Each structure stands twice: as C-alpha cells, then as structure tokens.
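Trainee: My questions will all concern the structure given below.
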Number of protein chains: 2
Amino acid sequence: MIQLEALYKISYGLYIVTSGDRNQGNGFVSNTVFQVTSQPQRFAVCCNKDNYSASFIQQFKAFAVSILAQDTSAELIGKFGYKSGREMNKMTDVKVIFKETNVPIVLDGSLAFFECKLVDVFDVGTHWIFIGELVSAEIVDDTGQPLTYAYYREVKKGFSPKNAPTYIDQSKIETKTENAMSKKFKCPICGYIYDEAEEKVKFSDLPDDWVCPVCGSEKSEFIEIS
Amino acid sequence: MIQLEALYKISYGLYIVTSGDRNQGNGFVSNTVFQVTSQPQRFAVCCNKDNYSASFIQQFKAFAVSILAQDTSAELIGKFGYKSGREMNKMTDVKVIFKETNVPIVLDGSLAFFECKLVDVFDVGTHWIFIGELVSAEIVDDTGQPLTYAYYREVKKGFSPKNAPTYIDQSKIETKTENAMSKKFKCPICGYIYDEAEEKVKFSDLPDDWVCPVCGSEKSEFIEIS
C-alpha cells in the first residue's frame with residue numbers, strides 16, 4: 001500500500017540555490033538541502049537534470065544556498081521556483097552579494113546563507129545530488145522564522161513544481177466530497193489550484209488585482225478546470 | 001567567515017530509520033531523510049559509516065523510515081538516537097510491524113512510515129547516502145504534528161549526537177554573557193547541557209526523579225562542567 005499523504009509528513013525547508021559568477025547567474029527553489037557530514041562540513045543539494053541551474057553548478061563548481069524566511073514574497077518564489085533562467089535573467093531586480101566563491105547569493109527573503117565549493121556529484125536518475133564543502137555561512141536576519149515546506153503548502157497553498165523531487169500528481173490524491181456547484185481554477189504557471197469549495201469564495205468574486213498566492217500570476221491568467 | 005548559527009536555519013524533520021528482518025533489527029534517529037526523485041519515488045538517508053544500522057541496511061538491502069511526532073518520548077529518542085544496537089536490542093519493548101520489505105518498522109511515536117528497497121549507496125566521507133525506492137507508505141496518526149529538528153532543539157533542548165551529519169561542537173559556538181555564579185551540568189549519554197543561567201533553576205533544586213529531557217538519563221548521572 002502506498003498512501004502518498006504519508007510522504008507529506010517529511011519536513012523540508014525552502015531555499016534558493018544559486019550558481020554563476022559576477023557576470024551571469026541562475027538559481028532555483030529547492031526543498032532538498034541538507035548537511036551530510038560534519039567533518040568536514042558538507043552539504044547535499046538535489047537538482048533536476050533539466051534545471052538550467054544544474055549546468056551553472058557544474059560549470060562554476062560552487063553553489064550558494066539562501067535559507068528563505070516565512071514571509072518571503074510569492075513573487076520571489078514564483079520567479080525562482082516556477083520560471084526558467086533560459087527565458088529570463090533571474091538575477092535582475094534581486095539583491096545579491098558575492099563572497100568567497102564569487103557565486104551570486106540571493107539576500108531578498110533570506111534569513112541566512114551559506115556557500116560551498118562542489119566536491120562530488122551523484123546520479124539519482126532524473127536528478128543530480130550535488131555535494132559541496134562549506135566555505136562561508138552568515139546570518140542575514142536573526143529574527144524571522146525559516147520557511148518550511150509544510151508552511152508553504154498549508155498556509156501559502158503552494159505545490160511542488162514538476163521538476164521537484166517531491167512532485168506529486170494531485171490527480172492521484174483522493175479528494176474529499178465537494179459541493180457539486182463549486183468550481184476549480186488552475187494557475188497555468190505554477191499549477192496552484194483555487195478551489196471554491198475550500199476557499200468559500202467564488203473565483204469571480206475575487207478582486208481583479210488578486211494574484212496567485214504561490215507565484216504571483218494574475219487572476220486573468222487562471223483557467224477553469226471543473 | 002563561517003557563522004555556524006546560520007546552519008541552524010536549515011529545516012529538518014526527525015525520523016527513526018530501521019532495517020533488519022523478523023529475527024533481528026536495528027535503527028537510529030536521523031534528521032537527513034529526503035525525497036530525491038518523484039519518477040520513480042526515491043529517497044535518500046544519510047548514515048554514519050560507524051552506525052550499527054549501516055551494516056543492517058547493506059545486508060538486508062531495505063530500510064524503513066518512521067516519521068516522528070512532536071510528542072515522541074525522550075526515552076524513544078534516547079534509545080534510538082544515543083545508544084548503540086551493538087550493546088542492546090533496540091527493538092525490545094518497541095511496537096513494530098512488518099510490511100512488504102520485512103524490515104521492522106517502528107510505530108511508537110510515529111505519525112507515518114514508509115519503506116524502501118535499497119537501490120544505490122554513495123560515499124560522502126564519514127557517512128553513506130543510501131538511496132531507496134519506495135515500496136510502501138502509510139499514515140499511522142493523522143492528527144499530530146511532525147517533530148522538526150528546530151522544535152527538538154528549541155523546545156526539547158536536544159543536540160545532534162557526534163555521529164550525526166549536523167553535529168556541531170558546542171564549544172565553538174559563542175556563548176552569551178552569563179551569571180558567573182551559575183553552573184552547567186552535562187548529560188554523559190547524549191551531551192545535553194543543563195545551564196542554570198538559562199533555566200533559572202539550580203540543578204540541585206531539581207527533583208530527584210528529573211530526567212534528561214533529551215535521552216531520559218537520570219539526574220544522578222549528570223556531570224558538572226562549569
């Protein structure tokens with residue numbers, strides 16, 4: 001028996017993982033960042049092989065991790081989590097700094113960051129596990145709480161994008177009995193579903209300047225799916 | 001610059017990872033369990049090479065993960081997190097079940113569990129990263145909250161044991177100015193430090209049946225360290 005809901009009990013944080021140099025950079029939202037050894041201090045980051053950032057990490061042999069705060073904006077997560085650096089420069093209009101490795105480190109929405117030089121890469125099928133050794137670590141804001149994946153899912157109503165290790169096809173999750181009159185609207189950018197039965201507010205009654213709580217897409221972009 | 005406190009902002013859950021069969025079994029407390037791919041559903045578990053459990057996972061080519069609840073007892077964490085299966089049978093007096101892989105799955109203190117067959121092993125120095133493919137997953141208790149490492153550290157005052165990927169030598173962390181008259185007492189089993197300045201209660205004033213909040217060791221076992 002496989003109850004996919006059981007996997008939702010696993011705890012993750014949310015991070016922006018970046019690589020590049022002072023001229024070019026890219027990054028993606030990751031929930032799989034974790035320490036693997038303490039002597040020396042090494043960290044693992046899981047990254048879809050199709051992610052544009054994967055080629056940056058391999059080219060620049062270093063990566064930085066910005067640990068996101070609970071109040072990180074939907075726009076920042078939308079930009080780094082649901083858009084590709086192949087189509088835009090994600091570093092535009094984002095506050096970044098450069099430290100020992102010279103990779104761009106995102107400060108917006110971050111509680112702390114650390115950077116690693118790449119020491120190993122493992123193939124796990126659709127994803128790489130990048131192993132990095134700690135070079136620097138700093139606190140940016142010691143007052144906020146880290147954004148966890150549970151908070152993102154439950155409070156911010158976010159989903160894993162298709163490239164994430166934790167992607168779950170929502171159509172495979174059993175749905176509760178719903179009001180047959182209610183409708184659902186899907187964000188075409190990030191996949192967020194606005195469910196009238198759950199929200200108790202008709203989609204048409206939402207203000208025109210309402211935006212997707214996950215990625216910041218406009219209301220007019222949503223598509224009715226039921 | 002390396003500010004070790006920055007690394008505390010990384011979010012982890014806490015889990016008991018087990019392996020073995022119906023005749024013998026062992027397990028350890030881990031905070032590094034995470035999904036690495038969704039097609040197929042594969043998970044990574046980081047395990048110190050010295051851990052007795054590492055040999056079980058390699059021998060039985062499978063492991064189970066019990067996702068711990070916030071109210072998991074200090075005794076259960078103490079047993080699986082700070083004691084070795086080389087000296088005791090950890091499965092004694094613990095509620096376990098067996099599913100598809102036949103490894104013992106711990107139900108005590110668990111919100112959910114899943115089991116994986118071992119498909120790969122990576123060497124990251126002092127630790128192995130075991131990669132497993134999902135075989136079964138079930139919810140045990142859908143009402144509780146998952147125990148996070150942040151909660152364990154802040155509320156339960158727990159520390160990573162020396163074999164953990166996230167072990168930090170507390171002597172390297174800057175300490176706040178303290179009352180020179182206050183004393184500290186260390187648990188010889190798990191390393192928990194009772195700090196009179198922080199707790200505002202003298203160690204000698206604690207009741208005789210007080211136990212280590214992390215591993216359940218008795219008050220009389222504590223050693224004065226300052």
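Following the order of the structure tokens, chains are lettered A, B, ..., residues in each are numbered from 1, and ligands are numbered from 1.
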Can you list, as a ChimeraX atom specification, every protein, DNA or RNA residue that comes within 12 Å of Phe122 in chain B when you count only C-alpha atoms, leaving out same-chain residues fewer than 4 positions away?

Mentor: /A:36,44,120-124,129-131 /B:44-49,58,118,126-132

Trainee: May I ask you to extract the residues of chain A within 8 Å of chain B, using only C-alpha atoms, and to give them as number ranges by chain?

Mentor: A: 1-7, 9-13, 32-39, 46, 67, 111-114, 122, 124-127, 129, 135-139, 146, 148, 164-168

Trainee: Excluding range 205-214 of chain B and any residue of its chain fewer than 2 positions from it, enumerate the residues within 10 Å of it, using only C-alpha atoms, and give them as a PyMOL selection string.

Mentor: chain B and resi 73-78+81-82+152-153+155-159+186-187+189-194+201-203+216-222

Trainee: Within chain B, find each residue whose DSSP state, derived from the backbone, is alpha helix (DSSP H), and express the selection as a list of chain:residue names.

Mentor: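 Checking each residue of chain B, the alpha helix (DSSP H) ones are B:Tyr52, B:Ser53, B:Ala54, B:Ser55, B:Phe56, B:Ile57, B:Gln58, B:Gln59, B:Phe60, B:Ala74, B:Glu75, B:Leu76, B:Ile77, B:Gly78, B:Lys79, B:Phe80, B:Gly81, B:Tyr82, B:Tyr149, B:Ala150, B:Tyr151, B:Tyr152, B:Arg153, B:Glu154, B:Glu196, B:Ala197, B:Glu198, B:Glu199.
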
Trainee: Those residues with N, CA and C atoms, as an mmCIF file, in the first residue's frame please?

Mentor:
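Below is the file part_33.cif, written as the result:
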data_model
loop_
_atom_site.group_PDB
_atom_site.id
_atom_site.type_symbol
_atom_site.label_atom_id
_atom_site.label_comp_id
_atom_site.auth_asym_id
_atom_site.auth_seq_id
_atom_site.Cartn_x
_atom_site.Cartn_y
_atom_site.Cartn_z
ATOM 1 N N TYR B 52 25.786 1.120 13.655
ATOM 2 C CA TYR B 52 25.486 -0.308 13.532
ATOM 3 C C TYR B 52 24.425 -0.523 12.447
ATOM 4 N N SER B 53 23.497 0.436 12.338
ATOM 5 C CA SER B 53 22.410 0.317 11.357
ATOM 6 C C SER B 53 22.911 0.289 9.919
ATOM 7 N N ALA B 54 24.058 0.916 9.654
ATOM 8 C CA ALA B 54 24.577 0.941 8.284
ATOM 9 C C ALA B 54 24.785 -0.484 7.766
ATOM 10 N N SER B 55 25.300 -1.362 8.626
ATOM 11 C CA SER B 55 25.540 -2.742 8.190
ATOM 12 C C SER B 55 24.221 -3.480 7.975
ATOM 13 N N PHE B 56 23.195 -3.131 8.751
ATOM 14 C CA PHE B 56 21.878 -3.757 8.558
ATOM 15 C C PHE B 56 21.293 -3.366 7.199
ATOM 16 N N ILE B 57 21.377 -2.073 6.876
ATOM 17 C CA ILE B 57 20.794 -1.613 5.600
ATOM 18 C C ILE B 57 21.512 -2.275 4.432
ATOM 19 N N GLN B 58 22.843 -2.413 4.546
ATOM 20 C CA GLN B 58 23.593 -3.047 3.457
ATOM 21 C C GLN B 58 23.293 -4.539 3.355
ATOM 22 N N GLN B 59 23.098 -5.180 4.518
ATOM 23 C CA GLN B 59 22.822 -6.625 4.500
ATOM 24 C C GLN B 59 21.404 -6.930 3.994
ATOM 25 N N PHE B 60 20.433 -6.179 4.497
ATOM 26 C CA PHE B 60 19.040 -6.508 4.179
ATOM 27 C C PHE B 60 18.510 -5.758 2.950
ATOM 28 N N ALA B 74 11.141 11.280 25.098
ATOM 29 C CA ALA B 74 12.603 11.419 25.199
ATOM 30 C C ALA B 74 13.254 10.039 25.282
ATOM 31 N N GLU B 75 12.553 9.083 25.893
ATOM 32 C CA GLU B 75 13.118 7.739 26.036
ATOM 33 C C GLU B 75 13.328 7.083 24.662
ATOM 34 N N LEU B 76 12.333 7.237 23.776
ATOM 35 C CA LEU B 76 12.446 6.624 22.444
ATOM 36 C C LEU B 76 13.595 7.266 21.659
ATOM 37 N N ILE B 77 13.674 8.600 21.720
ATOM 38 C CA ILE B 77 14.769 9.290 21.021
ATOM 39 C C ILE B 77 16.105 8.922 21.656
ATOM 40 N N GLY B 78 16.122 8.836 22.979
ATOM 41 C CA GLY B 78 17.358 8.476 23.678
ATOM 42 C C GLY B 78 17.839 7.086 23.268
ATOM 43 N N LYS B 79 16.901 6.146 23.203
ATOM 44 C CA LYS B 79 17.249 4.762 22.865
ATOM 45 C C LYS B 79 17.780 4.657 21.436
ATOM 46 N N PHE B 80 17.056 5.237 20.475
ATOM 47 C CA PHE B 80 17.456 5.100 19.066
ATOM 48 C C PHE B 80 18.504 6.126 18.636
ATOM 49 N N GLY B 81 18.595 7.235 19.391
ATOM 50 C CA GLY B 81 19.496 8.288 18.967
ATOM 51 C C GLY B 81 20.841 8.301 19.668
ATOM 52 N N TYR B 82 20.889 7.785 20.891
ATOM 53 C CA TYR B 82 22.116 7.940 21.670
ATOM 54 C C TYR B 82 22.685 6.631 22.187
ATOM 55 N N TYR B 149 13.529 19.233 13.708
ATOM 56 C CA TYR B 149 14.779 19.379 14.432
ATOM 57 C C TYR B 149 14.791 20.706 15.192
ATOM 58 N N ALA B 150 14.169 21.750 14.603
ATOM 59 C CA ALA B 150 14.117 23.054 15.263
ATOM 60 C C ALA B 150 13.339 22.951 16.576
ATOM 61 N N TYR B 151 12.228 22.226 16.546
ATOM 62 C CA TYR B 151 11.406 22.037 17.748
ATOM 63 C C TYR B 151 12.188 21.230 18.793
ATOM 64 N N TYR B 152 12.855 20.206 18.320
ATOM 65 C CA TYR B 152 13.644 19.343 19.198
ATOM 66 C C TYR B 152 14.737 20.154 19.900
ATOM 67 N N ARG B 153 15.363 21.061 19.150
ATOM 68 C CA ARG B 153 16.465 21.846 19.702
ATOM 69 C C ARG B 153 15.959 22.965 20.597
ATOM 70 N N GLU B 154 14.913 23.672 20.128
ATOM 71 C CA GLU B 154 14.456 24.846 20.875
ATOM 72 C C GLU B 154 13.554 24.492 22.054
ATOM 73 N N GLU B 196 22.148 26.454 34.323
ATOM 74 C CA GLU B 196 21.360 27.111 35.386
ATOM 75 C C GLU B 196 20.993 28.546 35.006
ATOM 76 N N ALA B 197 21.912 29.243 34.321
ATOM 77 C CA ALA B 197 21.665 30.640 33.948
ATOM 78 C C ALA B 197 20.471 30.752 33.009
ATOM 79 N N GLU B 198 20.344 29.760 32.146
ATOM 80 C CA GLU B 198 19.269 29.789 31.159
ATOM 81 C C GLU B 198 17.955 29.283 31.749
ATOM 82 N N GLU B 199 18.064 28.249 32.585
ATOM 83 C CA GLU B 199 16.857 27.610 33.113
ATOM 84 C C GLU B 199 16.294 28.330 34.336
#

Trainee: Kindly give the distance, in Å, that separates CA of Ser160 in chain A and CA of Ser110 in chain A, rounded to a single decimal.

Mentor: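 Result for CA of Ser160 in chain A versus CA of Ser110 in chain A: 19.8 Å, one decimal.
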